[in-house]
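Chemist: mmCIF, C-alpha atoms, file my_file07.cif:
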data_model
#
loop_
_atom_site.group_PDB
_atom_site.id
_atom_site.type_symbol
_atom_site.label_atom_id
_atom_site.label_comp_id
_atom_site.auth_asym_id
_atom_site.auth_seq_id
_atom_site.Cartn_x
_atom_site.Cartn_y
_atom_site.Cartn_z
ATOM 1 C CA MET J 140 0.000 0.000 0.000
ATOM 2 C CA TYR J 141 1.222 3.475 -0.799
ATOM 3 C CA HIS J 142 -0.027 7.045 -0.737
ATOM 4 C CA THR J 143 0.686 9.648 -3.359
ATOM 5 C CA TRP J 144 -0.066 13.276 -4.161
ATOM 6 C CA MET J 145 1.365 15.078 -7.184
ATOM 7 C CA ARG J 146 0.638 18.003 -9.435
ATOM 8 C CA PHE J 147 2.198 18.899 -12.773
ATOM 9 C CA PHE J 148 2.321 22.305 -14.490
ATOM 10 C CA THR J 149 2.792 23.781 -17.950
ATOM 11 C CA PRO J 150 4.767 27.011 -17.466
ATOM 12 C CA THR J 151 4.642 29.567 -20.280
ATOM 13 C CA PRO J 152 7.719 30.599 -22.299
ATOM 14 C CA ALA J 153 7.940 33.733 -20.124
ATOM 15 C CA HIS J 154 8.193 31.569 -16.995
ATOM 16 C CA HIS J 155 10.970 29.509 -18.610
ATOM 17 C CA ARG J 156 12.926 32.728 -19.199
ATOM 18 C CA LEU J 157 13.099 33.234 -15.417
ATOM 19 C CA GLY J 158 15.875 30.597 -15.442
ATOM 20 C CA LEU J 159 14.175 27.677 -13.731
ATOM 21 C CA ALA J 160 10.620 26.498 -14.246
ATOM 22 C CA CYS J 161 8.918 23.968 -11.995
ATOM 23 C CA LEU J 162 7.152 21.275 -14.007
ATOM 24 C CA GLY J 163 5.748 19.325 -11.083
ATOM 25 C CA VAL J 164 5.898 18.488 -7.409
ATOM 26 C CA GLY J 165 4.868 15.405 -5.493
ATOM 27 C CA LEU J 166 4.841 13.712 -2.094
ATOM 28 C CA GLN J 167 4.653 9.922 -1.807
ATOM 29 C CA TYR J 168 5.214 7.259 0.830
ATOM 30 C CA GLY J 169 4.875 3.544 1.331
ATOM 31 C CA ALA J 170 5.599 0.589 -0.944
ATOM 32 C CA LEU J 171 5.671 2.672 -4.125
ATOM 33 C CA PRO J 172 5.783 0.967 -7.518
ATOM 34 C CA THR J 173 9.016 0.615 -9.478
ATOM 35 C CA VAL J 174 9.844 3.582 -11.713
ATOM 36 C CA GLY J 175 11.223 2.900 -15.180
ATOM 37 C CA PRO J 176 13.203 2.059 -16.970
ATOM 38 C CA ARG J 177 12.648 5.472 -18.518
ATOM 39 C CA THR J 178 14.468 8.530 -19.852
ATOM 40 C CA LEU J 179 13.272 12.084 -19.195
ATOM 41 C CA ASP J 180 13.766 15.363 -21.054
ATOM 42 C CA HIS J 181 14.020 17.427 -17.849
ATOM 43 C CA HIS J 182 15.553 17.286 -14.349
ATOM 44 C CA VAL J 183 13.980 15.691 -11.285
ATOM 45 C CA ALA J 184 15.224 15.845 -7.694
ATOM 46 C CA VAL J 185 13.820 12.932 -5.662
ATOM 47 C CA VAL J 186 14.418 13.411 -1.927
ATOM 48 C CA ILE J 187 14.141 10.180 0.070
ATOM 49 C CA SER J 188 13.593 11.040 3.738
ATOM 50 C CA ALA J 189 12.791 7.582 5.163
ATOM 51 C CA GLY J 190 13.298 3.981 4.072
ATOM 52 C CA GLY J 191 15.512 2.561 1.381
ATOM 53 C CA GLY J 192 15.613 0.931 -2.003
ATOM 54 C CA TRP J 193 17.747 0.835 -5.149
ATOM 55 C CA TYR J 194 18.718 2.817 -8.240
ATOM 56 C CA LEU J 195 19.853 1.339 -11.563
ATOM 57 C CA GLY J 196 21.731 3.672 -13.894
ATOM 58 C CA PRO J 197 22.512 3.426 -17.599
ATOM 59 C CA ASP J 198 25.693 1.431 -16.889
ATOM 60 C CA GLY J 199 23.579 -1.380 -15.407
ATOM 61 C CA ARG J 200 25.079 -0.893 -11.949
ATOM 62 C CA ARG J 201 22.630 -1.198 -9.069
ATOM 63 C CA THR J 202 23.177 1.238 -6.184
ATOM 64 C CA THR J 203 21.595 0.849 -2.756
ATOM 65 C CA VAL J 204 19.613 3.901 -1.648
ATOM 66 C CA THR J 205 19.342 4.551 2.097
ATOM 67 C CA ALA J 206 17.521 7.581 3.497
ATOM 68 C CA PRO J 207 18.245 10.374 3.750
ATOM 69 C CA ALA J 208 19.251 10.490 0.107
ATOM 70 C CA LEU J 209 18.797 12.347 -3.138
ATOM 71 C CA LEU J 210 18.227 10.836 -6.573
ATOM 72 C CA TRP J 211 19.237 13.095 -9.467
ATOM 73 C CA LEU J 212 17.282 12.224 -12.605
ATOM 74 C CA THR J 213 18.813 14.193 -15.446
ATOM 75 C CA PRO J 214 17.711 14.724 -19.052
ATOM 76 C CA GLY J 215 18.620 11.997 -21.511
ATOM 77 C CA VAL J 216 19.935 9.583 -18.862
ATOM 78 C CA PRO J 217 18.071 6.253 -18.573
ATOM 79 C CA HIS J 218 17.204 5.285 -15.002
ATOM 80 C CA HIS J 219 15.225 2.715 -13.043
ATOM 81 C CA TYR J 220 14.562 2.774 -9.286
ATOM 82 C CA ALA J 221 12.273 1.578 -6.517
ATOM 83 C CA PRO J 222 11.891 1.451 -2.763
ATOM 84 C CA ASP J 223 12.410 -1.884 -1.003
ATOM 85 C CA ALA J 224 9.423 -4.170 -1.514
ATOM 86 C CA GLY J 225 6.993 -4.221 1.366
ATOM 87 C CA VAL J 226 8.830 -1.512 3.340
ATOM 88 C CA GLY J 227 8.824 1.387 0.902
ATOM 89 C CA TRP J 228 10.166 4.851 1.418
ATOM 90 C CA ASP J 229 9.037 8.434 1.923
ATOM 91 C CA GLU J 230 9.829 10.726 -1.012
ATOM 92 C CA GLY J 231 9.247 14.231 -2.227
ATOM 93 C CA PHE J 232 10.063 15.107 -5.822
ATOM 94 C CA VAL J 233 10.346 18.192 -7.989
ATOM 95 C CA ASP J 234 10.461 18.161 -11.796
ATOM 96 C CA PHE J 235 12.155 21.239 -13.290
ATOM 97 C CA THR J 236 13.825 22.658 -16.373
ATOM 98 C CA GLY J 237 15.368 25.865 -17.642
ATOM 99 C CA PRO J 238 18.580 27.472 -18.816
ATOM 100 C CA ALA J 239 19.856 27.939 -15.233
ATOM 101 C CA THR J 240 20.271 24.154 -14.908
ATOM 102 C CA THR J 241 23.488 24.469 -16.925
ATOM 103 C CA THR J 242 24.985 26.943 -14.459
ATOM 104 C CA TYR J 243 23.811 24.996 -11.402
ATOM 105 C CA THR J 244 25.490 21.911 -12.910
ATOM 106 C CA GLU J 245 28.738 23.829 -13.549
ATOM 107 C CA LEU J 246 28.675 25.021 -9.925
ATOM 108 C CA GLY J 247 28.201 21.455 -8.633
ATOM 109 C CA TYR J 248 24.662 21.864 -7.321
ATOM 110 C CA ILE J 249 23.285 19.349 -9.858
ATOM 111 C CA GLU J 250 25.466 16.258 -10.274
ATOM 112 C CA PRO J 251 24.543 14.180 -13.329
ATOM 113 C CA GLU J 252 27.575 11.926 -12.813
ATOM 114 C CA ARG J 253 26.425 11.097 -9.256
ATOM 115 C CA PRO J 254 22.739 10.143 -9.422
ATOM 116 C CA VAL J 255 22.561 8.871 -5.818
ATOM 117 C CA VAL J 256 23.745 11.352 -3.186
ATOM 118 C CA ALA J 257 23.754 10.708 0.552
ATOM 119 C CA LEU J 258 22.237 13.545 2.581
ATOM 120 C CA SER J 259 23.037 14.372 6.187
ATOM 121 C CA ASP J 260 19.462 15.547 6.739
ATOM 122 C CA ALA J 261 16.448 15.731 4.422
ATOM 123 C CA SER J 262 14.413 18.158 6.541
ATOM 124 C CA GLY J 263 15.590 21.348 4.758
ATOM 125 C CA PRO J 264 14.880 20.082 1.233
ATOM 126 C CA ARG J 265 11.614 18.491 2.382
ATOM 127 C CA ALA J 266 10.484 21.822 3.864
ATOM 128 C CA VAL J 267 11.056 23.512 0.487
ATOM 129 C CA ILE J 268 9.137 20.739 -1.310
ATOM 130 C CA GLY J 269 6.313 21.134 1.223
ATOM 131 C CA ARG J 270 6.093 24.867 0.468
ATOM 132 C CA MET J 271 6.021 24.074 -3.247
ATOM 133 C CA ALA J 272 3.189 21.591 -2.682
ATOM 134 C CA ARG J 273 1.216 24.254 -0.797
ATOM 135 C CA ALA J 274 1.862 26.756 -3.619
ATOM 136 C CA ALA J 275 0.524 24.182 -6.100
ATOM 137 C CA ARG J 276 -3.063 24.719 -4.979
ATOM 138 C CA ARG J 277 -5.474 25.287 -7.814
ATOM 139 C CA GLY J 278 -6.176 28.919 -8.576
ATOM 140 C CA ASN J 279 -2.889 30.265 -7.162
ATOM 141 C CA PRO J 280 -2.136 33.228 -9.482
ATOM 142 C CA LEU J 281 1.543 33.124 -8.435
ATOM 143 C CA LEU J 282 1.979 29.374 -9.003
ATOM 144 C CA GLU J 283 4.628 29.341 -11.762
ATOM 145 C CA VAL J 284 6.746 32.172 -10.332
ATOM 146 C CA GLU J 285 6.455 30.929 -6.739
ATOM 147 C CA THR J 286 7.391 27.324 -7.591
ATOM 148 C CA GLY J 287 10.119 28.428 -10.027
ATOM 149 C CA ALA J 288 11.742 30.553 -7.321
ATOM 150 C CA ALA J 289 11.453 27.623 -4.915
ATOM 151 C CA VAL J 290 13.459 25.415 -7.314
ATOM 152 C CA HIS J 291 16.410 27.784 -6.770
ATOM 153 C CA GLU J 292 15.873 27.466 -3.013
ATOM 154 C CA LEU J 293 15.635 23.663 -3.291
ATOM 155 C CA LEU J 294 18.958 23.424 -5.136
ATOM 156 C CA VAL J 295 20.651 25.429 -2.366
ATOM 157 C CA ALA J 296 18.988 23.306 0.359
ATOM 158 C CA LEU J 297 20.111 20.107 -1.392
ATOM 159 C CA ARG J 298 23.687 21.347 -1.677
ATOM 160 C CA ARG J 299 23.683 22.300 2.003
ATOM 161 C CA ALA J 300 22.256 18.882 2.996
ATOM 162 C CA ARG J 301 24.882 16.771 1.202
ATOM 163 C CA ALA J 302 26.470 14.358 3.683
ATOM 164 C CA ASP J 303 29.930 14.772 2.139
ATOM 165 C CA LEU J 304 30.029 18.518 2.817
ATOM 166 C CA ALA J 305 30.427 20.430 6.037
ATOM 167 C CA PRO J 306 28.011 23.357 6.542
ATOM 168 C CA ASP J 307 30.632 25.796 5.224
ATOM 169 C CA GLY J 308 30.971 23.821 1.978
ATOM 170 C CA ASP J 309 34.328 22.124 2.739
ATOM 171 C CA PRO J 310 34.460 18.372 2.185
ATOM 172 C CA VAL J 311 34.115 16.722 5.589
ATOM 173 C CA LEU J 312 37.319 14.680 5.316
ATOM 174 C CA GLN J 313 39.340 17.779 4.409
ATOM 175 C CA ALA J 314 37.872 19.613 7.390
ATOM 176 C CA LEU J 315 38.715 16.721 9.708
ATOM 177 C CA ALA J 316 42.285 16.548 8.388
ATOM 178 C CA ARG J 317 42.697 20.308 8.732
ATOM 179 C CA ASP J 318 41.296 20.492 12.286
ATOM 180 C CA ALA J 319 42.347 17.107 13.729
ATOM 181 C CA CYS J 320 45.145 18.503 15.930
ATOM 182 C CA LEU J 321 43.352 21.597 17.184
ATOM 183 C CA PRO J 322 42.580 21.772 20.928
#
Since I need it in another form, could you write the structure as structure tokens?

Modeler:
Amino acid sequence: MYHTWMRFFTPTPAHHRLGLACLGVGLQYGALPTVGPRTLDHHVAVVISAGGGWYLGPDGRRTTVTAPALLWLTPGVPHHYAPDAGVGWDEGFVDFTGPATTTYTELGYIEPERPVVALSDASGPRAVIGRMARAARRGNPLLEVETGAAVHELLVALRRARADLAPDGDPVLQALARDACLP
């Protein structure tokens, strides 16, 4: 058994020119069905906040997913994933596109070469996704601009939540090596 809520949007060309456009947002939990194999033409950030499962990339390698974690689904890259059977997981997802994805990728906020990313804490990204879900109510005249702006916020929250980074952005192991002999 699983529970799901999702909403998808069709932003106008003007909204796309803002840099990032939100195409959809969703919240799901439980023994969700397997996704894929499929290939998308846009980005998706899937934030797993509880449970575990697996991810299968285009190289055929299966990676274990343990919450908290992030799945990066990037355009043109085949993928296949699912929560563990019977147990499931708790996920929030955001579909997005736009010219700013190139810059966010160059800056290391989006990592196509690393589709499964361990997070130290999913609460920050999940809070952003929750705000996006609330903004997705029918009749919201600010929907496309509000959710598009929140995609920027989500990318920052995901970068901050990466388990391999300290809060100041230094890799954790480098910080430990640097500070190991301090009183």

Chemist: I want to know what sits within 8 Å of Gly196 of chain J, based on all atoms listed in the file, with residues of the same chain fewer than 4 positions away left out; could you give that as number ranges by chain?

Modeler: J: 200-201, 216-219, 254

Chemist: Which polymer residues have any atom within 12 Å of an atom of Gly269 of chain J, counting only C-alpha atoms, with same-chain residues fewer than 3 positions away left out, as number ranges by chain?

Modeler: J: 144-145, 164-167, 186, 230-233, 261-266, 272-276, 286, 289-290, 293

Chemist: Let me make sure I understand: among J:Gly190, J:Gly247, J:Pro152, J:Gly237, which one has the smallest atom-to-atom distance to Val295 of chain J if we use only C-alpha atoms?

Modeler: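 Smallest separation from Val295 of chain J among the options: J:Gly247.
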
Chemist: Please, what distance in Å, to one decimal, runs between atom CA of Phe235 of chain J and atom CA of Asn279 of chain J?

Modeler: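 According to the coordinates, atom CA of Phe235 of chain J and atom CA of Asn279 of chain J are separated by 18.6 Å.
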
Chemist: Just the residues within 12 Å of Arg177 of chain J, please, counting only C-alpha atoms, with nothing from its chain fewer than 2 positions along; format it as a list of chain:residue names.

Modeler: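 These residues fall inside the cut-off: J:Thr173, J:Val174, J:Gly175, J:Leu179, J:Asp180, J:Leu195, J:Gly196, J:Pro197, J:Leu212, J:Thr213, J:Pro214, J:Gly215, J:Val216, J:Pro217, J:His218, J:His219, J:Tyr220.
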
Chemist: Go through J:Val256, J:Leu171, J:Ala221, J:Thr151 and flag the residue nearest Leu304 of chain J, using all atoms listed in the file for the distances.

Modeler: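 Residue with the minimum atom-to-atom distance to Leu304 of chain J: J:Val256.
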
Chemist: Can you work out which one of J:Pro207, J:Gly158, J:Pro172, J:Gly192 has the shortest atom-to-atom distance to Ala300 of chain J, counting all atoms listed in the file?

Modeler: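 Closest to Ala300 of chain J, using all atoms listed in the file: J:Pro207.
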
Chemist: Tell me which of J:Leu162, J:Val267, J:Val226, J:Ala302 sits closest to Ala189 of chain J, counting all atoms listed in the file.

Modeler: J:Val226

Chemist: Pick out the closest residue to His181 of chain J from this set: J:Thr236, J:Thr203, J:Thr149, J:Ser259. Count all atoms listed in the file.

Modeler: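 For His181 of chain J, the nearest of the given residues is J:Thr236.
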
Chemist: What's the separation between atom CA of Asp223 of chain J and atom CA of Arg146 of chain J, in Å to one decimal place?

Modeler: 24.6 Å

Chemist: Which is closer to Met140 of chain J than all the others in J:Met271, J:Ala224, J:Ala257, J:Ala208, using all atoms listed in the file?

Modeler: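 Ranking J:Met271, J:Ala224, J:Ala257, J:Ala208 by distance to Met140 of chain J, first place goes to J:Ala224.
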
Chemist: Any idea what the distance is between atom CA of Thr241 of chain J and atom CA of Val284 of chain J?

Modeler: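 Computed distance, atom CA of Thr241 of chain J to atom CA of Val284 of chain J, equals 19.6 Å.
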
Chemist: Quick one: residues within 7 Å of Trp228 of chain J, all atoms listed in the file, excluding same-chain residues fewer than 4 positions away - as JSON, numbers by chain?

Modeler: {"J": [168, 169, 170, 187, 189, 190, 191, 222]}

Chemist: Please define a box with edges along x, y and z of the file around all atoms of segment 174-193 of chain J given in the file, extend it by 3 Å on each side, and return its centre and edge lengths in Å to one decimal, as JSON.

Modeler:
{"center_x": 13.8, "center_y": 9.1, "center_z": -7.9, "size_x": 13.9, "size_y": 22.6, "size_z": 32.2}
